[in-house]
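Q: My structure is below; once you've seen it, I'll send some questions.
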Amino acid sequence: MKKIFIVFSGFLTALLLTVAVSAIETHTVSPYRDTIRNYDGVFVTLYEAMVSGAESADLSPYKIDTKDIGQVYSDVILASPELFYMDNTVTYFYNSREQVTSVEFNYRMEPEERGTALQMYEREVDYIVSLVDPAMSEAEKALFVHDYLLASYSYDTDVANFDALSLFRERSGVCQAYSLAYMAVLRELGMDAVMVTSDEMNHAWNLVEVDGTWYHVDLSFDDPSPDRMGRVLHENFLLDDEGIRNTPTPHYGWKSSVRCLSASFKKAIWHGVTSRMIRLNGQWYYIDPGTMSLAVSAFDGSGRADVYRFRNRWMTSFADSSYYVGVFSGLSECLGYLFINTPYDIIIYSPGTGHANVYLEYTDEQKIFGSTIYKYTLEYFIADSPEGERGYTKTFEITGFEEEDFGKELPFDDVLRLDTYYASVKFVYDRGLFRGVSETKFAPDAYLTRAMFVTVLGRLCGV
């Protein structure tokens with residue numbers, strides 16, 4: 001006897017709590033493991049057959065009931081990011097005792113296309129893994145990957161991309177795609193991660209094991225929708241069961257054989273941070289919206305310092321003095337340097353020297369509301385407002401940095417590189433037109449006297 005079983009259609013309709021495994025053992029937090037006959041054997045057999053590209057699999061030794069095959073099949077598919085090429089249906093054969101004897105698989109890709117897609121998938125996972133410092137703790141690795149994915153990709157409002165490959169390829173995906181990609185990278189880093197779902201919420205997120213303790217991580221809820229370039233939230237990162245139930249968007253309706261009971265990270269440095277957090281030289285850099293600054297500290301928050309402050313507001317218009325409340329800057333890293341944006345510039349900062357400079361200027365009436373770097377390409381978002389009115393993205397390929405990017409500092413302690421007038425002051429100083437009111441003061445806010453004006457005119461004319 002034969003039957004085609006539709007396991008899931010479009011989005012998540014089957015509960016998933018299982019992790020992909022090797023051929024030797026099955027690691028799972030699925031509540032179905034103890035209730036389905038020979039769950040582990042069926043899981044491994046299905047997984048190995050699909051990875052090898054087999055057309056069918058013999059399940060007769062396991063005597064699994066027909067009512068259970070759909071659950072195990074969906075567990076394998078949705079627990080294994082690398083099986084993105086599998087169809088959401090399975091054909092199974094059974095005997096008179098309603099026990100499955102074999103299954104036939106349906107593939108979404110032909111073998112050649114599948115091989116090419118797998119190479120791309122593995123290349124993307126390996127690339128992200130290569131960015132992670134092996135010296136990081138498990139919590140730091142979880143944070144780094146969480147922030148990288150959210151800064152690099154956006155939530156798919158068209159609800160078209162459900163798997164990790166689609167997220168990597170299109171740079172956009174739904175909650176399921178985010179969860180699968182996060183699982184794939186963390187597992188490659190030697191950590192355990194699974195995906196949980198809630199039928200009631202029609203939603204998926206992750207459970208991540210950090211130093212032997214399980215926590216909730218929800219990437220898609222930490223990625224604002226509509227997307228705000230460079231904006232990364234941390235409201236749903238490394239939470240216990242109680243914490244995830246009490247987020248701004250409460251979670252409910254998931255099932256798991258493990259519980260998340262630790263609130264160890266309740267006061268971690270990422271709380272309230274709305275930018276990507278980047279680790280360089282053992283320190284973590286992040287934009288602190290409370291102090292309007294780029295801050296640096298150890299992972300436990302010790303030694304915190306403001307590297308510099310944002311002095312420019314994101315004005316609503318040039319006609320009045322009103323402005324948008326907040327810091328609308330991304331934080332990115334490339335070749336060991338940090339990049340942020342003001343409303344008018346892309347700023348490059350050297351953690352080694354503490355110097356900053358304007359990397360790119362933008363002089364149009366619109367302003368920069370966010371930035372990011374994806375594979376050596378700087379992307380920055382130009383718009384009228386944080387909501388992205390009349391918005392569009394500009395890009396700039398980063399090939400390297402010259403010494404002049406961090407050129408000679410001005411001698412004045414009242415003119416900083418992040419001041420909007422820095423470039424103008426440097427222009428007139430380098431040409432000998434203005435020399436400041438003292439050796440260390442330029443007095444950029446002072447009035448220009450008649451004597452100063454005549455002196456500048458004389459220098460300009462060579463008198």
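Order determines the names: the first chain of the structure tokens is A, the second B, and so forth; residues in each chain are numbered 1 upward, and ligands are numbered 1 upward as they are shown.
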Could you name the residues that touch stretch 367-378 of chain A at 6 Å or less, counting only C-alpha atoms, but leaving out those on the same chain fewer than 5 positions away, as a list in words?
A: Met229, Gly230, Phe328, Ser329, Gly330, Ser332, Pro343, Tyr344, Ala383, Thr395, Phe396, Glu397 and Ile398 of chain A
Q: Those selected residues, please, written with N, CA and C atoms and delivered as a PDB file, in the first residue's frame.
A:
```
ATOM      1  N   MET A 229      18.633  49.469   8.120  1.00  0.00           N
ATOM      2  CA  MET A 229      20.007  49.066   7.854  1.00  0.00           C
ATOM      3  C   MET A 229      20.914  49.330   9.059  1.00  0.00           C
ATOM      4  N   GLY A 230      21.634  48.294   9.476  1.00  0.00           N
ATOM      5  CA  GLY A 230      22.579  48.429  10.569  1.00  0.00           C
ATOM      6  C   GLY A 230      21.969  48.335  11.943  1.00  0.00           C
ATOM      7  N   PHE A 328      21.012  56.868  14.654  1.00  0.00           N
ATOM      8  CA  PHE A 328      20.627  56.063  13.501  1.00  0.00           C
ATOM      9  C   PHE A 328      21.878  55.676  12.707  1.00  0.00           C
ATOM     10  N   SER A 329      22.743  54.966  13.406  1.00  0.00           N
ATOM     11  CA  SER A 329      24.010  54.560  12.809  1.00  0.00           C
ATOM     12  C   SER A 329      24.194  53.064  12.936  1.00  0.00           C
ATOM     13  N   GLY A 330      24.754  52.490  11.894  1.00  0.00           N
ATOM     14  CA  GLY A 330      25.197  51.111  11.982  1.00  0.00           C
ATOM     15  C   GLY A 330      26.623  51.076  12.508  1.00  0.00           C
ATOM     16  N   SER A 332      30.058  48.623  11.768  1.00  0.00           N
ATOM     17  CA  SER A 332      30.615  47.538  10.967  1.00  0.00           C
ATOM     18  C   SER A 332      32.118  47.485  11.148  1.00  0.00           C
ATOM     19  N   PRO A 343      24.723  61.658  10.231  1.00  0.00           N
ATOM     20  CA  PRO A 343      23.734  61.977   9.189  1.00  0.00           C
ATOM     21  C   PRO A 343      24.369  62.340   7.853  1.00  0.00           C
ATOM     22  N   TYR A 344      25.657  62.732   7.876  1.00  0.00           N
ATOM     23  CA  TYR A 344      26.265  63.302   6.680  1.00  0.00           C
ATOM     24  C   TYR A 344      27.539  62.601   6.222  1.00  0.00           C
ATOM     25  N   ALA A 383      17.824  58.543   3.188  1.00  0.00           N
ATOM     26  CA  ALA A 383      16.373  58.698   3.306  1.00  0.00           C
ATOM     27  C   ALA A 383      16.039  60.045   3.919  1.00  0.00           C
ATOM     28  N   THR A 395      26.210  52.105  -2.389  1.00  0.00           N
ATOM     29  CA  THR A 395      27.261  51.144  -2.052  1.00  0.00           C
ATOM     30  C   THR A 395      28.624  51.701  -2.444  1.00  0.00           C
ATOM     31  N   PHE A 396      29.641  51.185  -1.757  1.00  0.00           N
ATOM     32  CA  PHE A 396      31.021  51.588  -2.046  1.00  0.00           C
ATOM     33  C   PHE A 396      31.921  50.412  -1.715  1.00  0.00           C
ATOM     34  N   GLU A 397      32.708  49.960  -2.676  1.00  0.00           N
ATOM     35  CA  GLU A 397      33.588  48.808  -2.465  1.00  0.00           C
ATOM     36  C   GLU A 397      34.849  49.229  -1.719  1.00  0.00           C
ATOM     37  N   ILE A 398      35.154  48.515  -0.646  1.00  0.00           N
ATOM     38  CA  ILE A 398      36.336  48.808   0.156  1.00  0.00           C
ATOM     39  C   ILE A 398      37.474  47.901  -0.305  1.00  0.00           C
TER      40      ILE A 398
END
```
Q: Which residues are close to stretch 133-147 of chain A, i.e. within 8 Å by only C-alpha atoms, leaving aside same-chain residues fewer than 2 positions away? Reply as a CSV table (one decimal) with N, CA and C atoms, in the first residue's frame.
A:
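Contents of the output file selection_23.csv:
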```csv
chain,number,residue,atom,x,y,z
A,128,ILE,N,31.3,32.7,7.3
A,128,ILE,CA,30.8,33.3,8.6
A,128,ILE,C,31.7,32.7,9.7
A,130,SER,N,34.7,31.7,9.6
A,130,SER,CA,36.0,32.2,9.5
A,130,SER,C,36.1,33.6,10.2
A,131,LEU,N,35.0,34.3,10.4
A,131,LEU,CA,35.0,35.6,11.0
A,131,LEU,C,35.1,35.5,12.5
A,149,LEU,N,24.4,38.0,11.4
A,149,LEU,CA,23.3,37.6,10.5
A,149,LEU,C,22.3,38.7,10.4
A,150,LEU,N,22.0,39.4,11.5
A,150,LEU,CA,21.0,40.5,11.5
A,150,LEU,C,21.5,41.7,10.8
A,151,ALA,N,22.8,42.0,10.8
A,151,ALA,CA,23.4,43.1,10.1
A,151,ALA,C,23.5,42.9,8.6
A,182,TYR,N,21.2,30.1,11.6
A,182,TYR,CA,21.9,30.2,12.9
A,182,TYR,C,22.3,28.9,13.4
A,185,VAL,N,25.5,27.6,11.4
A,185,VAL,CA,26.8,28.2,11.8
A,185,VAL,C,27.2,27.8,13.2
A,186,LEU,N,26.3,27.8,14.1
A,186,LEU,CA,26.7,27.5,15.5
A,186,LEU,C,27.2,26.0,15.6
A,191,MET,N,28.9,24.2,18.6
A,191,MET,CA,27.8,24.4,19.6
A,191,MET,C,26.6,23.7,19.2
A,210,VAL,N,24.7,27.0,25.7
A,210,VAL,CA,25.9,27.7,26.1
A,210,VAL,C,26.4,27.2,27.4
A,211,ASP,N,27.6,26.6,27.3
A,211,ASP,CA,28.3,26.1,28.5
A,211,ASP,C,27.4,25.1,29.2
A,219,LEU,N,16.1,35.4,16.4
A,219,LEU,CA,16.8,36.4,15.5
A,219,LEU,C,15.8,37.3,14.8
A,232,VAL,N,20.4,46.4,14.9
A,232,VAL,CA,20.3,45.1,15.5
A,232,VAL,C,19.9,45.2,16.9
A,237,PHE,N,17.7,37.7,23.1
A,237,PHE,CA,19.0,37.0,23.0
A,237,PHE,C,19.3,36.4,24.3
A,276,ARG,N,25.0,46.5,15.8
A,276,ARG,CA,25.8,45.3,15.9
A,276,ARG,C,26.9,45.5,16.9
A,277,MET,N,27.2,44.4,17.6
A,277,MET,CA,28.3,44.4,18.5
A,277,MET,C,29.5,43.7,17.9
A,278,ILE,N,30.7,44.3,17.9
A,278,ILE,CA,31.8,43.8,17.2
A,278,ILE,C,33.0,43.6,18.2
A,279,ARG,N,33.7,42.4,18.1
A,279,ARG,CA,34.8,42.1,19.0
A,279,ARG,C,36.1,42.3,18.2
A,299,PHE,N,33.7,41.8,27.7
A,299,PHE,CA,32.4,41.1,27.5
A,299,PHE,C,31.6,41.2,28.8
```
Q: Within 8 Å of stretch 52-69 of chain A, counting only C-alpha atoms, which residues qualify if same-chain residues fewer than 2 places away don't, as number ranges by chain?
A: A: 36-38, 41-42, 45-46, 48-50, 71-73, 94, 98-106, 111
Q: Kindly indicate which residue among A:Asn341, A:Gln176, A:Thr89, A:Thr274 lies nearest to A:Ser198, using only C-alpha atoms for the distances.
A: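 Closest to A:Ser198, using only C-alpha atoms: A:Gln176.
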Q: Kindly give the distance, in Å, that separates atom CA of A:Thr399 and atom CA of A:Leu338, rounded to a single decimal.
A: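 Atom-to-atom, atom CA of A:Thr399 to atom CA of A:Leu338, that is 14.7 Å.
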Q: Between atom CA of A:Gly243 and atom CA of A:Ser179, what is the distance in Å, rounded to a tenth?
A: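 Interatomic distance here is 18.8 Å.
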